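Quick look at upload-v1.tsv (TSV, C-alpha atoms):
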```
chain	number	residue	atom	x	y	z
A	26	MET	CA	8.42	-13.94	-10.36
A	27	GLU	CA	10.85	-16.50	-8.98
A	28	GLN	CA	13.64	-13.87	-8.79
A	29	ILE	CA	11.65	-11.84	-6.23
A	30	GLU	CA	12.34	-12.77	-2.61
A	31	HIS	CA	9.69	-12.56	0.07
A	32	LYS	CA	10.19	-11.79	3.74
A	33	PHE	CA	8.31	-10.46	6.74
A	34	VAL	CA	9.38	-7.54	8.91
A	35	GLU	CA	7.95	-7.09	12.39
A	36	VAL	CA	6.75	-3.56	13.12
A	37	GLU	CA	5.15	-1.81	16.07
A	38	GLY	CA	2.52	-3.92	17.77
A	39	GLY	CA	4.14	-7.14	16.62
A	40	LEU	CA	2.52	-7.01	13.18
A	41	LYS	CA	4.39	-8.85	10.44
A	42	ILE	CA	4.48	-6.86	7.20
A	43	HIS	CA	5.13	-8.65	3.91
A	44	VAL	CA	8.01	-7.29	1.82
A	45	ALA	CA	8.87	-8.32	-1.75
A	46	ASP	CA	12.52	-7.64	-2.59
A	47	ILE	CA	14.67	-7.94	-5.71
A	48	GLY	CA	18.06	-6.59	-6.74
A	49	THR	CA	21.17	-5.50	-4.87
A	50	GLY	CA	23.07	-2.34	-4.03
A	51	ASP	CA	22.27	0.95	-2.35
A	52	LYS	CA	20.11	2.51	-5.09
A	53	VAL	CA	16.76	1.56	-3.59
A	54	LEU	CA	13.17	2.18	-4.67
A	55	LEU	CA	10.21	1.59	-2.35
A	56	PHE	CA	6.96	0.84	-4.22
A	57	LEU	CA	3.62	1.73	-2.63
A	58	HIS	CA	0.45	0.18	-4.05
A	59	GLY	CA	-3.10	1.43	-4.40
A	60	PHE	CA	-6.45	-0.40	-4.35
A	61	PRO	CA	-7.30	-3.10	-5.33
A	62	GLU	CA	-3.60	-3.60	-5.83
A	63	ILE	CA	-1.02	-5.24	-3.60
A	64	TRP	CA	2.78	-5.69	-3.98
A	65	TYR	CA	2.16	-7.80	-7.10
A	66	SER	CA	1.00	-4.74	-9.05
A	67	TRP	CA	4.66	-3.64	-9.25
A	68	ARG	CA	5.96	-6.93	-10.69
A	69	HIS	CA	6.94	-5.44	-14.08
A	70	GLN	CA	8.78	-2.48	-12.56
A	71	MET	CA	10.60	-4.52	-9.93
A	72	VAL	CA	12.04	-7.03	-12.38
A	73	SER	CA	12.99	-4.39	-14.94
A	74	LEU	CA	14.66	-2.04	-12.48
A	75	SER	CA	16.60	-4.83	-10.79
A	76	LYS	CA	18.06	-5.74	-14.19
A	77	SER	CA	19.23	-2.13	-14.52
A	78	GLY	CA	21.18	-2.21	-11.26
A	79	TYR	CA	18.58	-0.99	-8.77
A	80	ARG	CA	17.09	-2.65	-5.72
A	81	ALA	CA	13.30	-2.68	-5.67
A	82	ILE	CA	11.12	-3.42	-2.66
A	83	ALA	CA	7.35	-3.43	-2.42
A	84	VAL	CA	5.10	-4.00	0.56
A	85	ASP	CA	1.61	-5.13	1.36
A	86	TYR	CA	0.32	-2.53	3.82
A	87	ARG	CA	-0.95	-3.72	7.19
A	88	GLY	CA	-4.23	-5.54	6.57
A	89	TYR	CA	-3.51	-6.01	2.87
A	90	GLY	CA	-2.31	-9.14	1.08
A	91	LEU	CA	0.06	-11.25	3.15
A	92	SER	CA	0.60	-8.64	5.89
A	93	ASP	CA	-1.01	-8.98	9.29
A	94	PRO	CA	-4.11	-6.90	9.95
A	95	PRO	CA	-4.09	-4.59	12.96
A	96	PRO	CA	-6.08	-5.84	15.97
A	97	ARG	CA	-8.44	-2.88	15.49
A	98	THR	CA	-9.40	-1.51	12.10
A	99	GLU	CA	-8.95	2.00	13.55
A	100	ASP	CA	-5.22	1.23	13.69
A	101	ALA	CA	-5.00	1.34	9.91
A	102	THR	CA	-4.12	5.00	9.34
A	103	TYR	CA	-1.68	6.89	7.17
A	104	ALA	CA	0.47	7.55	10.22
A	105	ASN	CA	0.50	3.82	11.07
A	106	ILE	CA	1.48	2.84	7.54
A	107	VAL	CA	4.24	5.45	7.32
A	108	GLY	CA	5.53	4.18	10.68
A	109	ASP	CA	5.56	0.63	9.30
A	110	LEU	CA	7.54	1.77	6.25
A	111	VAL	CA	10.15	3.55	8.37
A	112	ALA	CA	10.53	0.40	10.48
A	113	ILE	CA	11.03	-1.68	7.33
A	114	LEU	CA	13.67	0.68	5.94
A	115	ASP	CA	15.46	0.68	9.27
A	116	PHE	CA	15.37	-3.12	9.47
A	117	LEU	CA	16.73	-3.49	5.93
A	118	GLY	CA	19.36	-0.79	6.49
A	119	PHE	CA	18.21	1.71	3.85
A	120	PRO	CA	18.84	5.29	5.01
A	121	LYS	CA	17.31	6.90	1.90
A	122	VAL	CA	15.09	5.67	-0.92
A	123	VAL	CA	13.13	6.82	-3.94
A	124	LEU	CA	9.40	6.49	-3.28
A	125	VAL	CA	7.08	5.26	-6.04
A	126	GLY	CA	3.39	5.59	-5.21
A	127	LYS	CA	0.34	4.67	-7.25
A	128	ASP	CA	-3.30	5.61	-6.62
A	129	TRP	CA	-3.73	6.03	-2.86
A	130	GLY	CA	-0.14	4.83	-2.53
A	131	SER	CA	0.58	8.36	-3.72
A	132	PHE	CA	-1.16	9.60	-0.57
A	133	VAL	CA	1.11	7.33	1.48
A	134	ALA	CA	4.17	8.62	-0.38
A	135	SER	CA	3.02	12.22	0.18
A	136	TRP	CA	2.63	11.62	3.92
A	137	PHE	CA	6.02	9.90	4.08
A	138	VAL	CA	7.94	12.63	2.27
A	139	VAL	CA	6.57	15.46	4.45
A	140	LEU	CA	7.04	13.53	7.71
A	141	HIS	CA	10.45	12.05	6.86
A	142	PRO	CA	12.05	14.26	4.17
A	143	ASP	CA	15.51	13.13	5.28
A	144	ARG	CA	14.71	9.57	4.16
A	145	VAL	CA	13.64	10.36	0.59
A	146	LEU	CA	15.81	11.08	-2.47
A	147	GLY	CA	13.06	11.34	-5.05
A	148	LEU	CA	9.33	10.89	-5.57
A	149	VAL	CA	7.41	9.22	-8.40
A	150	ASN	CA	3.60	9.30	-8.37
A	151	MET	CA	1.20	7.55	-10.74
A	152	GLY	CA	-2.54	8.04	-11.12
A	153	ILE	CA	-2.75	10.54	-8.24
A	154	PRO	CA	-0.42	13.54	-7.82
A	155	PHE	CA	1.31	14.58	-4.62
A	156	MET	CA	-1.59	15.26	-2.29
A	157	ILE	CA	-2.27	15.12	1.43
A	158	PRO	CA	-5.91	14.12	1.92
A	159	GLY	CA	-7.65	16.85	3.87
A	160	ALA	CA	-4.74	19.27	3.45
A	161	SER	CA	-3.89	19.77	-0.23
A	162	PRO	CA	-6.66	21.70	-1.97
A	163	ALA	CA	-8.60	19.90	-4.66
A	164	GLY	CA	-12.17	20.27	-5.87
A	165	SER	CA	-15.59	19.78	-4.37
A	166	PRO	CA	-16.61	16.34	-3.07
A	167	PRO	CA	-17.71	13.90	-5.79
A	168	PRO	CA	-21.41	13.09	-6.24
A	169	GLU	CA	-23.08	10.61	-3.90
A	170	GLY	CA	-23.08	7.76	-6.43
A	171	VAL	CA	-19.32	7.87	-7.10
A	172	TYR	CA	-17.57	4.81	-5.68
A	173	THR	CA	-15.45	6.83	-3.21
A	174	SER	CA	-18.59	8.33	-1.68
A	175	ARG	CA	-20.35	4.96	-1.51
A	176	TRP	CA	-17.38	3.13	-0.01
A	177	ARG	CA	-17.05	5.74	2.74
A	178	GLU	CA	-20.41	4.65	4.15
A	179	PRO	CA	-19.89	2.07	6.91
A	180	GLY	CA	-21.48	-1.22	5.91
A	181	ARG	CA	-22.49	-0.33	2.37
A	182	ALA	CA	-19.44	-1.68	0.54
A	183	GLU	CA	-19.29	-4.64	2.92
A	184	ALA	CA	-22.79	-5.61	1.83
A	185	ASP	CA	-22.04	-4.92	-1.83
A	186	PHE	CA	-18.78	-6.89	-1.84
A	187	GLY	CA	-20.22	-9.63	0.37
A	188	ARG	CA	-22.49	-10.86	-2.44
A	189	LEU	CA	-19.39	-11.92	-4.42
A	190	ASP	CA	-16.15	-13.81	-3.86
A	191	ALA	CA	-12.91	-11.83	-3.48
A	192	LYS	CA	-11.70	-12.66	-6.98
A	193	THR	CA	-14.88	-11.29	-8.56
A	194	VAL	CA	-14.67	-8.09	-6.54
A	195	VAL	CA	-11.10	-7.52	-7.75
A	196	ARG	CA	-12.14	-8.38	-11.30
A	197	ASN	CA	-14.98	-5.87	-11.21
A	198	VAL	CA	-12.84	-3.09	-9.76
A	199	TYR	CA	-10.12	-3.64	-12.37
A	200	ILE	CA	-12.72	-3.39	-15.13
A	201	LEU	CA	-14.32	-0.28	-13.61
A	202	PHE	CA	-11.04	1.48	-12.90
A	203	SER	CA	-9.72	0.80	-16.41
A	204	GLY	CA	-12.36	3.06	-17.88
A	205	SER	CA	-12.14	6.78	-18.56
A	206	GLU	CA	-15.26	7.77	-16.61
A	207	LEU	CA	-15.77	7.96	-12.85
A	208	PRO	CA	-17.47	4.74	-11.67
A	209	THR	CA	-20.83	6.12	-10.55
A	210	ALA	CA	-23.87	4.15	-9.41
A	211	ALA	CA	-27.47	5.29	-9.64
A	212	GLU	CA	-29.47	5.89	-6.46
A	213	ASN	CA	-30.97	2.40	-6.47
A	214	GLN	CA	-27.81	0.64	-7.69
A	215	GLU	CA	-24.61	-0.62	-6.05
A	216	VAL	CA	-21.09	-0.15	-7.45
A	217	MET	CA	-20.54	-3.86	-8.13
A	218	ASP	CA	-23.69	-3.82	-10.29
A	219	LEU	CA	-21.99	-1.45	-12.74
A	220	VAL	CA	-20.06	-4.38	-14.25
A	221	ASP	CA	-21.76	-6.80	-16.63
A	222	PRO	CA	-20.47	-10.30	-15.71
A	223	SER	CA	-19.71	-10.94	-19.40
A	224	THR	CA	-17.30	-7.99	-19.62
A	225	PRO	CA	-13.77	-9.27	-20.34
A	226	LEU	CA	-10.74	-8.32	-18.31
A	227	PRO	CA	-8.47	-5.63	-19.78
A	228	PRO	CA	-6.16	-7.31	-22.34
A	229	TRP	CA	-3.04	-6.56	-20.26
A	230	PHE	CA	-4.46	-8.23	-17.13
A	231	SER	CA	-4.46	-12.02	-17.32
A	232	GLU	CA	-6.50	-14.66	-15.54
A	233	GLU	CA	-3.24	-15.64	-13.82
A	234	ASP	CA	-2.90	-12.08	-12.53
A	235	LEU	CA	-6.49	-12.15	-11.31
A	236	GLU	CA	-5.85	-15.44	-9.49
A	237	ALA	CA	-2.88	-13.86	-7.69
A	238	TYR	CA	-4.94	-10.88	-6.56
A	239	GLY	CA	-7.97	-12.96	-5.69
A	240	ALA	CA	-5.97	-15.33	-3.49
A	241	LEU	CA	-4.44	-12.45	-1.53
A	242	TYR	CA	-7.77	-10.69	-0.97
A	243	GLN	CA	-9.36	-13.99	-0.06
A	244	LYS	CA	-6.82	-14.07	2.78
A	245	SER	CA	-7.00	-10.43	3.86
A	246	GLY	CA	-10.57	-9.50	3.04
A	247	PHE	CA	-11.48	-5.88	2.34
A	248	GLN	CA	-11.96	-4.49	5.84
A	249	THR	CA	-8.65	-2.62	6.00
A	250	ALA	CA	-8.87	-1.59	2.34
A	251	LEU	CA	-12.18	0.14	3.04
A	252	LYS	CA	-10.89	1.87	6.16
A	253	ILE	CA	-7.87	3.29	4.39
A	254	PRO	CA	-8.14	5.09	2.03
A	255	TYR	CA	-11.92	5.39	1.68
A	256	ARG	CA	-12.74	6.12	5.33
A	257	SER	CA	-9.58	8.09	6.08
A	258	PHE	CA	-9.90	11.08	3.77
A	259	GLU	CA	-10.11	13.50	6.69
A	260	GLU	CA	-6.87	12.32	8.28
A	261	LYS	CA	-4.00	14.74	7.83
A	262	PRO	CA	-0.58	15.31	9.41
A	263	ASP	CA	-0.29	17.89	12.16
A	264	LEU	CA	1.86	20.19	10.07
A	265	PRO	CA	1.35	23.72	8.76
A	266	ILE	CA	0.72	23.87	5.05
A	267	THR	CA	4.08	25.62	4.55
A	268	GLU	CA	5.80	22.37	5.54
A	269	LEU	CA	4.02	20.38	2.85
A	270	THR	CA	6.42	21.58	0.17
A	271	VAL	CA	8.48	18.80	-1.43
A	272	LYS	CA	11.96	19.94	-2.40
A	273	ILE	CA	13.22	16.75	-4.07
A	274	PRO	CA	13.14	15.67	-7.73
A	275	SER	CA	9.65	14.45	-8.56
A	276	LEU	CA	7.86	12.78	-11.45
A	277	LEU	CA	4.12	12.35	-12.05
A	278	ILE	CA	2.99	9.78	-14.63
A	279	MET	CA	-0.66	10.03	-15.65
A	280	GLY	CA	-2.68	8.14	-18.19
A	281	SER	CA	-4.59	10.60	-20.37
A	282	LYS	CA	-7.59	8.24	-20.12
A	283	ASP	CA	-7.37	7.84	-16.35
A	284	TYR	CA	-10.82	8.22	-14.80
A	285	CYS	CA	-9.21	10.02	-11.83
A	286	LEU	CA	-8.89	13.09	-14.03
A	287	LYS	CA	-12.72	13.32	-13.81
A	288	PHE	CA	-12.74	13.87	-10.05
A	289	PRO	CA	-13.89	17.46	-9.43
A	290	GLY	CA	-10.89	19.77	-9.49
A	291	MET	CA	-8.30	17.04	-10.16
A	292	GLU	CA	-7.17	18.10	-13.62
A	293	TYR	CA	-7.00	21.73	-12.54
A	294	TYR	CA	-4.96	20.76	-9.47
A	295	ILE	CA	-2.48	18.80	-11.58
A	296	ASN	CA	-2.10	21.45	-14.26
A	297	ASN	CA	-2.19	24.58	-12.09
A	298	MET	CA	-1.64	23.92	-8.38
A	299	VAL	CA	0.48	20.89	-7.59
A	300	LYS	CA	3.73	22.70	-8.42
A	301	GLU	CA	3.06	24.99	-5.45
A	302	PHE	CA	3.79	21.92	-3.32
A	303	VAL	CA	6.26	20.18	-5.64
A	304	PRO	CA	8.24	22.86	-7.49
A	305	GLY	CA	10.63	20.30	-8.99
A	306	LEU	CA	7.83	18.24	-10.55
A	307	GLU	CA	7.90	16.85	-14.08
A	308	THR	CA	4.53	15.62	-15.36
A	309	VAL	CA	4.14	13.12	-18.20
A	310	TYR	CA	0.82	12.06	-19.75
A	311	LEU	CA	0.67	8.72	-21.57
A	312	PRO	CA	-1.94	9.15	-24.35
A	313	GLU	CA	-3.43	5.64	-24.14
A	314	GLY	CA	-2.87	5.22	-20.42
A	315	THR	CA	-5.66	4.43	-17.99
A	316	HIS	CA	-5.52	4.28	-14.19
A	317	PHE	CA	-3.28	1.18	-14.16
A	318	VAL	CA	-0.44	2.57	-16.28
A	319	GLN	CA	2.26	0.51	-14.56
A	320	GLU	CA	0.50	-2.74	-15.48
A	321	GLN	CA	-1.04	-1.61	-18.76
A	322	LEU	CA	2.06	0.03	-20.26
A	323	PRO	CA	5.01	-1.39	-18.30
A	324	GLY	CA	7.60	-0.74	-21.00
A	325	GLU	CA	6.78	2.96	-21.25
A	326	VAL	CA	6.48	3.42	-17.48
A	327	ASN	CA	9.72	1.56	-16.80
A	328	GLN	CA	11.59	3.74	-19.29
A	329	LEU	CA	10.19	6.93	-17.76
A	330	VAL	CA	11.23	5.84	-14.28
A	331	LEU	CA	14.69	4.77	-15.45
A	332	SER	CA	15.24	8.06	-17.28
A	333	PHE	CA	14.15	9.99	-14.18
A	334	LEU	CA	16.53	8.04	-11.95
A	335	LYS	CA	19.48	8.46	-14.31
A	336	ALA	CA	18.86	12.16	-14.98
A	337	ARG	CA	17.78	13.46	-11.57
A	338	ILE	CA	18.64	11.00	-8.78
A	339	TRP	CA	21.74	8.96	-9.63
A	340	PRO	CA	23.28	10.58	-12.74
```
Just give me the structure as structure tokens.
Amino acid sequence: MEQIEHKFVEVEGGLKIHVADIGTGDKVLLFLHGFPEIWYSWRHQMVSLSKSGYRAIAVDYRGYGLSDPPPRTEDATYANIVGDLVAILDFLGFPKVVLVGKDWGSFVASWFVVLHPDRVLGLVNMGIPFMIPGASPAGSPPPEGVYTSRWREPGRAEADFGRLDAKTVVRNVYILFSGSELPTAAENQEVMDLVDPSTPLPPWFSEEDLEAYGALYQKSGFQTALKIPYRSFEEKPDLPITELTVKIPSLLIMGSKDYCLKFPGMEYYINNMVKEFVPGLETVYLPEGTHFVQEQLPGEVNQLVLSFLKARIWP
């Protein structure tokens, strides 16, 4: 990753946000990570796209990776993160970008595009479709034992994670989230206990990758990552639902084996409802893809993104 440059941009409150940057020119993509990911999860896309003439930047959100945490955990909200991103784009001199969001980074991208439509040329989501938590309709809440329900409880995930080092927590989550079923614990079981310690990492995720993630979470901890997204699902922009329509070219890449499709109402929302909000949406399912399509199948994902850019953004 020696081609990727690293810098810090100061945002509101004096926080320094880590930005990874590669490529040149005015065709810019801003990559937004999920959990337990950080900027590093976009390594394959950033290098590939820069070789094709694009500039790729990825951030660690406030409280994640190398970025400063906010003084108060309550100051890790979608609005805060979108504000940080606008400040970064302003600092770097990018008037408009293509947003690429994965997992809850798709929530961030959704917030950004409805709050700042004048700054966005196109939208690519992976793993989660365009969706504003608390505003876009989905299904009923998941059962109590599902990880999202457990991690919303103050103190429960902290105790669960606290039994392990940061690297092991990331390892376990990567194993769990690479499956096709919702990670669900029994009543007397914690989420981390769902992983047998002898279970190998997915074949596309190396020990070197795990070391990179583990080192960053060793620095940041999981406090901010638990606040947002897991304890921020009720947060929504103060906008009428009619203003949530996205009128730019959009692409959704889903793995057909992504466990997120098992969330109540998710598959129905993708197949029947999301186009109400994103009429220009193209959806592609990768047959062998799991939740981490951009790391698992980088060649296929890179080609889909490149084709989208050439056909619909910068022909």
Surrounding residues of A:Ile153 excluding itself and chain neighbours under 3 positions, 7 Å, all atoms listed in the file, as a list in words: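 Residues meeting the cut-off are Lys127, Asp128, Ser131 and Asn150 of chain A.
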Nearby residues, (16.6, 14.3, -7.7) file frame, 10 Å, only C-alpha atoms, as a ChimeraX atom specification: /A:123,145-148,272-276,305,333-340
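For the atom pair formed by atom CA of A:Pro168 and atom CA of A:Pro61, the distance is 21.5 Å, given to one decimal.
For the set A:Ala112, A:Val133, A:Lys121, A:Ala191, the residue with the smallest atom-to-atom gap to A:Phe155 is A:Val133, counting only C-alpha atoms.
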Please write out, as JSON, where the centre of an axis-aligned box around all listed atoms of stretch 42-46 of chain A lies and how long its edges are, in Å to one decimal, after adding 5 Å on each side.
```
{"center_x": 8.5, "center_y": -7.8, "center_z": 2.3, "size_x": 18.0, "size_y": 11.8, "size_z": 19.8}
```
Taking all atoms listed in the file into account, produce a table as a tab-separated table in which each residue of stretch 84-155 of chain A with an atom at most 8 Å from an atom of stretch 33-46 of chain A appears once, together with its shortest atom pair and the distance in Å to one decimal, ordered by chain and rising number.
```
residue	atom	partner	partner_atom	distance
A:Val84	CA	A:Val44	CA	4.6
A:Asp85	CA	A:His43	CA	5.6
A:Tyr86	CA	A:Ile42	CA	6.9
A:Arg87	CA	A:Ile42	CA	6.3
A:Gly90	CA	A:His43	CA	8.0
A:Leu91	CA	A:His43	CA	5.7
A:Ser92	CA	A:Ile42	CA	4.5
A:Asp93	CA	A:Lys41	CA	5.5
A:Pro94	CA	A:Leu40	CA	7.4
A:Pro95	CA	A:Leu40	CA	7.0
A:Asp109	CA	A:Val36	CA	5.8
A:Ala112	CA	A:Val36	CA	6.1
A:Ile113	CA	A:Val34	CA	6.3
A:Phe116	CA	A:Val34	CA	7.5
```
Would you save the residues of that selection, restricted to C-alpha atoms, as an mmCIF file, keeping the file's coordinate frame?
```cif
data_model
loop_
_atom_site.group_PDB
_atom_site.id
_atom_site.type_symbol
_atom_site.label_atom_id
_atom_site.label_comp_id
_atom_site.auth_asym_id
_atom_site.auth_seq_id
_atom_site.Cartn_x
_atom_site.Cartn_y
_atom_site.Cartn_z
ATOM 1 C CA VAL A 84 5.100 -4.000 0.560
ATOM 2 C CA ASP A 85 1.610 -5.130 1.360
ATOM 3 C CA TYR A 86 0.320 -2.530 3.820
ATOM 4 C CA ARG A 87 -0.950 -3.720 7.190
ATOM 5 C CA GLY A 90 -2.310 -9.140 1.080
ATOM 6 C CA LEU A 91 0.060 -11.250 3.150
ATOM 7 C CA SER A 92 0.600 -8.640 5.890
ATOM 8 C CA ASP A 93 -1.010 -8.980 9.290
ATOM 9 C CA PRO A 94 -4.110 -6.900 9.950
ATOM 10 C CA PRO A 95 -4.090 -4.590 12.960
ATOM 11 C CA ASP A 109 5.560 0.630 9.300
ATOM 12 C CA ALA A 112 10.530 0.400 10.480
ATOM 13 C CA ILE A 113 11.030 -1.680 7.330
ATOM 14 C CA PHE A 116 15.370 -3.120 9.470
#
```
Top pick for closest residue to A:Tyr238, considering A:Val149, A:Met217, A:Val194, A:Ile200 and counting all atoms listed in the file: A:Val194
Distance query A:Ser203 at most 10 Å, all atoms listed in the file, self and fewer than 6 positions along chain excluded, as a PyMOL selection string: chain A and resi 197+226-227+282-284+314-318+321
Shortest interatomic distance to A:Ile29 - which of A:Glu99, A:Met279, A:Gly108, A:Gln70, counting only C-alpha atoms: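 Distance minimum relative to A:Ile29 lands on A:Gln70.
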Between atom CA of A:Ile157 and atom CA of A:Val299, distance in Å (one decimal): 11.1 Å
Atom-to-atom span, atom CA of A:Leu189 and atom CA of A:Trp129, Å: 23.9 Å
